[in-house]
Every structure is written in structure tokens, then in C-alpha cells.
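Undergrad: The structure under discussion is supplied below as C-alpha cells; questions concerning it will follow.
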Amino acid sequence: HDAFRFDTYGPLILVEGELAVDTDGDGGAGAEWAAWFTAFGRAALDRLPSEFDAVRADVADALAAFDAGSTPSPRLFPWDLRPGNALLSDGRLTAILDWERPLAAAPALSVAKTEYLVADWYVPGAETESLREAFRAGYESVRAYPHVRPGHRIAAVVTAAVDSRGAVTNPGYPPVSRSDAVRFHRRSLERLLWGRGLPSAVAGSVPPRSTRQHCGAHPDRDFDQKGGRPEVVHEERPRRNRERVRRNRERPHQKQRVAGTAVHDHVKRVETEV
């Protein structure tokens, strides 16, 4: 981001051996950040298959309500910066592959997508934070970390979920099934849309539809700047919990039998293993 600067936002091409924004093409170049970001996110949203219809309206609302803040300087957005496209030698990065669709965009958008590709795709959820911290430390060794808003992260997931042909991308190694890939991307969007933090991130607007209908709003809680996944808070959970307690009280003997059977099975299994 320190090495490449541009005057406007949009797709990059080579002009006399230098990277430049393609202002003459139909790829969506624009000088106004908020308008470009919304169009960029909506174009990616339109490419999502029908399995994402449950979150489509909320994503559209979030993109429309995005508070761009100050106008960021357009910087290089490598689009697909992830471990599979990086070459290393003696522990140092020597080359980055796959430059099919580079962009000039806000550093925060580029960072949000790279975090998703680097920290979330390849390891279990419990291990993502160590990768996120390492990525952040490496970035901050060169320049200040940008302010990543929830809108940046939502757009990052939407653009990462499908490739340029509209095929669902595979977030894992070894590769997972298409249904598992869809589930991974959709759950990532659900966490961003329906967890804590989105209302404060779109100050001056109302939360998306599903947030208003299904979740407890926490306008005083801002989204974790490091990208931590917020807990989904459903209004119906307390009622379901009360129902569960009532049923257990009405059936104490059955509960004890079930618990005793589970303990017995566990002991027998241990004995067999020994």
C-alpha cells in the first residue's frame, strides 16, 4: 500500500509498463469512494448464487448504509492475496501470484479481504486470531493499520465467496464440498450482519432487516477492529431456554435416566478401549 498510489478507484491495467486505473473500460472506475464502494459490493452481491438469498437483502442494506467516512487514498488491492498465491524462500515472501483482477481501492477494503483469506480460510476458528495478529503485526511494521469497518468486511466476504466466473470459492485445504463452502461463506456473512456491532458501524441508519427481526441490537458495541467474530444474539433464545428448564423440571427422573445411560455408555467405551 505504500508502494502504489492512484488517483481514482477501479480495475488496474498496464499502461506503458506501469499500473494505472482503467478509466476507459467498463470495469467500474470511479473517483467518489462511497459510490464506487457501493457499486463494487452490489456487483459482487449479484454474482452470489441462490443459496445466499437468505442474507442477500441484509447485505444490500448494509452496503447501502455504509458510512464511508473520509475519502481514503486509492492503493493497490491484489484481490487474491492468500497463502496459496504466495512464494516463500528462507522464510521471506519473494513473489505473489494470480494478478488476474487487481484494483485500486481503499486500504481498509484490501486488508479486510486479505484477513479473510489469510486468517479465516485455512485453520479452525480457535486458531484464526494468532494468524490475524501476525498479519496485523507484519502490516504495522510497514505502515499504520487502516480503520476496517464492518462494511469493509461484508464486502470482502461477498467478493471472496465467488470467483470471476460465479463459481463458489473453496475456503479450505484439503478442499471441501460446494455445500460446505457455501455454508462457510454464508455463516461468515451472518456473523457480520446479525452479530454485535453493525448498528454502531452504520451510524445514522437503521440495522438491516434480519437484525431488527431476529437479534438483540447493541448500538454501544463497536465491531472488533481485529476482525473477531461476534456472538450472534437471538431474542428467542431466552424463551427457548426457559422452555427447556420447564421441561426438565417436569421430567426429572427421565433426565436422570438419560444422564445415567450416557455415563454408562462412556464407561463401557473406555473399558473397551483399555
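Going by the C-alpha cells order, chains are called A, B, ..., each with residues numbered from 1, while ligands are numbered from 1 in the order shown.
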Could you go through segment 71-116 of chain A and tell me which residues DSSP, when run on the backbone, assigns to helix (DSSP H, G or I), listing them as an MDAnalysis selection string?

TA: chainID A and resid 83:85 107:116

Undergrad: Name all residues at most 6 Å from segment 143-152 of chain A (count only C-alpha atoms; drop same-chain ones fewer than 2 positions away) and give them as a PyMOL selection string.

TA: chain A and resi 66+108-109+140+154-155

Undergrad: Go ahead and save the residues from that selection, with N, CA and C atoms, as a PDB file, in the first residue's frame.

TA:
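Just written: part17.pdb:
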ATOM      1  N   PHE A  66     -23.568   1.963   4.252  1.00  0.00           N
ATOM      2  CA  PHE A  66     -22.152   2.078   4.587  1.00  0.00           C
ATOM      3  C   PHE A  66     -21.746   3.537   4.742  1.00  0.00           C
ATOM      4  N   ALA A 108      -8.368  -0.225   3.648  1.00  0.00           N
ATOM      5  CA  ALA A 108      -9.187  -0.983   4.601  1.00  0.00           C
ATOM      6  C   ALA A 108      -9.923  -2.123   3.913  1.00  0.00           C
ATOM      7  N   LEU A 109     -10.394  -1.912   2.693  1.00  0.00           N
ATOM      8  CA  LEU A 109     -11.084  -2.966   1.960  1.00  0.00           C
ATOM      9  C   LEU A 109     -10.121  -4.080   1.589  1.00  0.00           C
ATOM     10  N   GLU A 140       1.681  -3.544  10.268  1.00  0.00           N
ATOM     11  CA  GLU A 140       2.048  -2.363  11.052  1.00  0.00           C
ATOM     12  C   GLU A 140       3.548  -2.134  11.106  1.00  0.00           C
ATOM     13  N   ILE A 154     -17.929  -7.048   5.202  1.00  0.00           N
ATOM     14  CA  ILE A 154     -19.055  -7.640   4.483  1.00  0.00           C
ATOM     15  C   ILE A 154     -18.751  -7.685   2.989  1.00  0.00           C
ATOM     16  N   ALA A 155     -18.267  -6.577   2.448  1.00  0.00           N
ATOM     17  CA  ALA A 155     -17.911  -6.551   1.021  1.00  0.00           C
ATOM     18  C   ALA A 155     -16.794  -7.545   0.722  1.00  0.00           C
TER      19      ALA A 155
END

Undergrad: Could you list, as a PyMOL selection string, every residue within 10 Å of Ala34 of chain A, counting only C-alpha atoms and ignoring same-chain residues fewer than 6 positions away?

TA: chain A and resi 40+63-64+66-72

Undergrad: Please provide as a list of chain:residue names all residues within 12 Å of Arg187 of chain A, with the sequence filter that same-chain residues fewer than 3 positions apart are discarded (counting only C-alpha atoms).

TA: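 Contacts, in chain order: A:Glu51, A:Phe52, A:Ala54, A:Val55, A:Asp120, A:Ile154, A:Val157, A:Val158, A:Ala161, A:Asp180, A:Ala181, A:Val182, A:Arg183, A:Phe184, A:Glu190, A:Arg191, A:Leu192, A:Leu193, A:Trp194, A:Gly195, A:Arg229, A:Pro230, A:Glu231, A:Val232.
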
Undergrad: Would you list, as a PyMOL selection string, the residues of segment 78-184 of chain A that end up in strand (DSSP E) under DSSP run on this structure's backbone?

TA: chain A and resi 86-89+92-96+103-105

Undergrad: What's the 8 Å shell around Pro107 of chain A, counting only C-alpha atoms, without same-chain residues fewer than 2 positions away, as number ranges by chain?

TA: A: 1, 72-77, 105, 109-111, 146

Undergrad: Determine, counting only C-alpha atoms, which protein, DNA and RNA residues have an atom within 9 Å of an atom of Ala60 of chain A; residues of the same chain fewer than 5 positions away are not included. Present the result as a PyMOL selection string.

TA: chain A and resi 38+41-42+45+55+65+208

Undergrad: Could the residues in this selection be saved with C-alpha atoms as an mmCIF file, in the first residue's frame?

TA:
data_model
loop_
_atom_site.group_PDB
_atom_site.id
_atom_site.type_symbol
_atom_site.label_atom_id
_atom_site.label_comp_id
_atom_site.auth_asym_id
_atom_site.auth_seq_id
_atom_site.Cartn_x
_atom_site.Cartn_y
_atom_site.Cartn_z
ATOM 1 C CA THR A 38 -21.498 0.532 -3.093
ATOM 2 C CA GLY A 41 -20.290 -4.520 -3.416
ATOM 3 C CA ARG A 42 -23.597 -4.727 -5.276
ATOM 4 C CA LEU A 45 -23.705 -9.486 -4.440
ATOM 5 C CA VAL A 55 -28.806 -12.912 3.563
ATOM 6 C CA ALA A 65 -25.953 2.185 4.667
ATOM 7 C CA PRO A 208 -30.669 -4.407 8.404
#
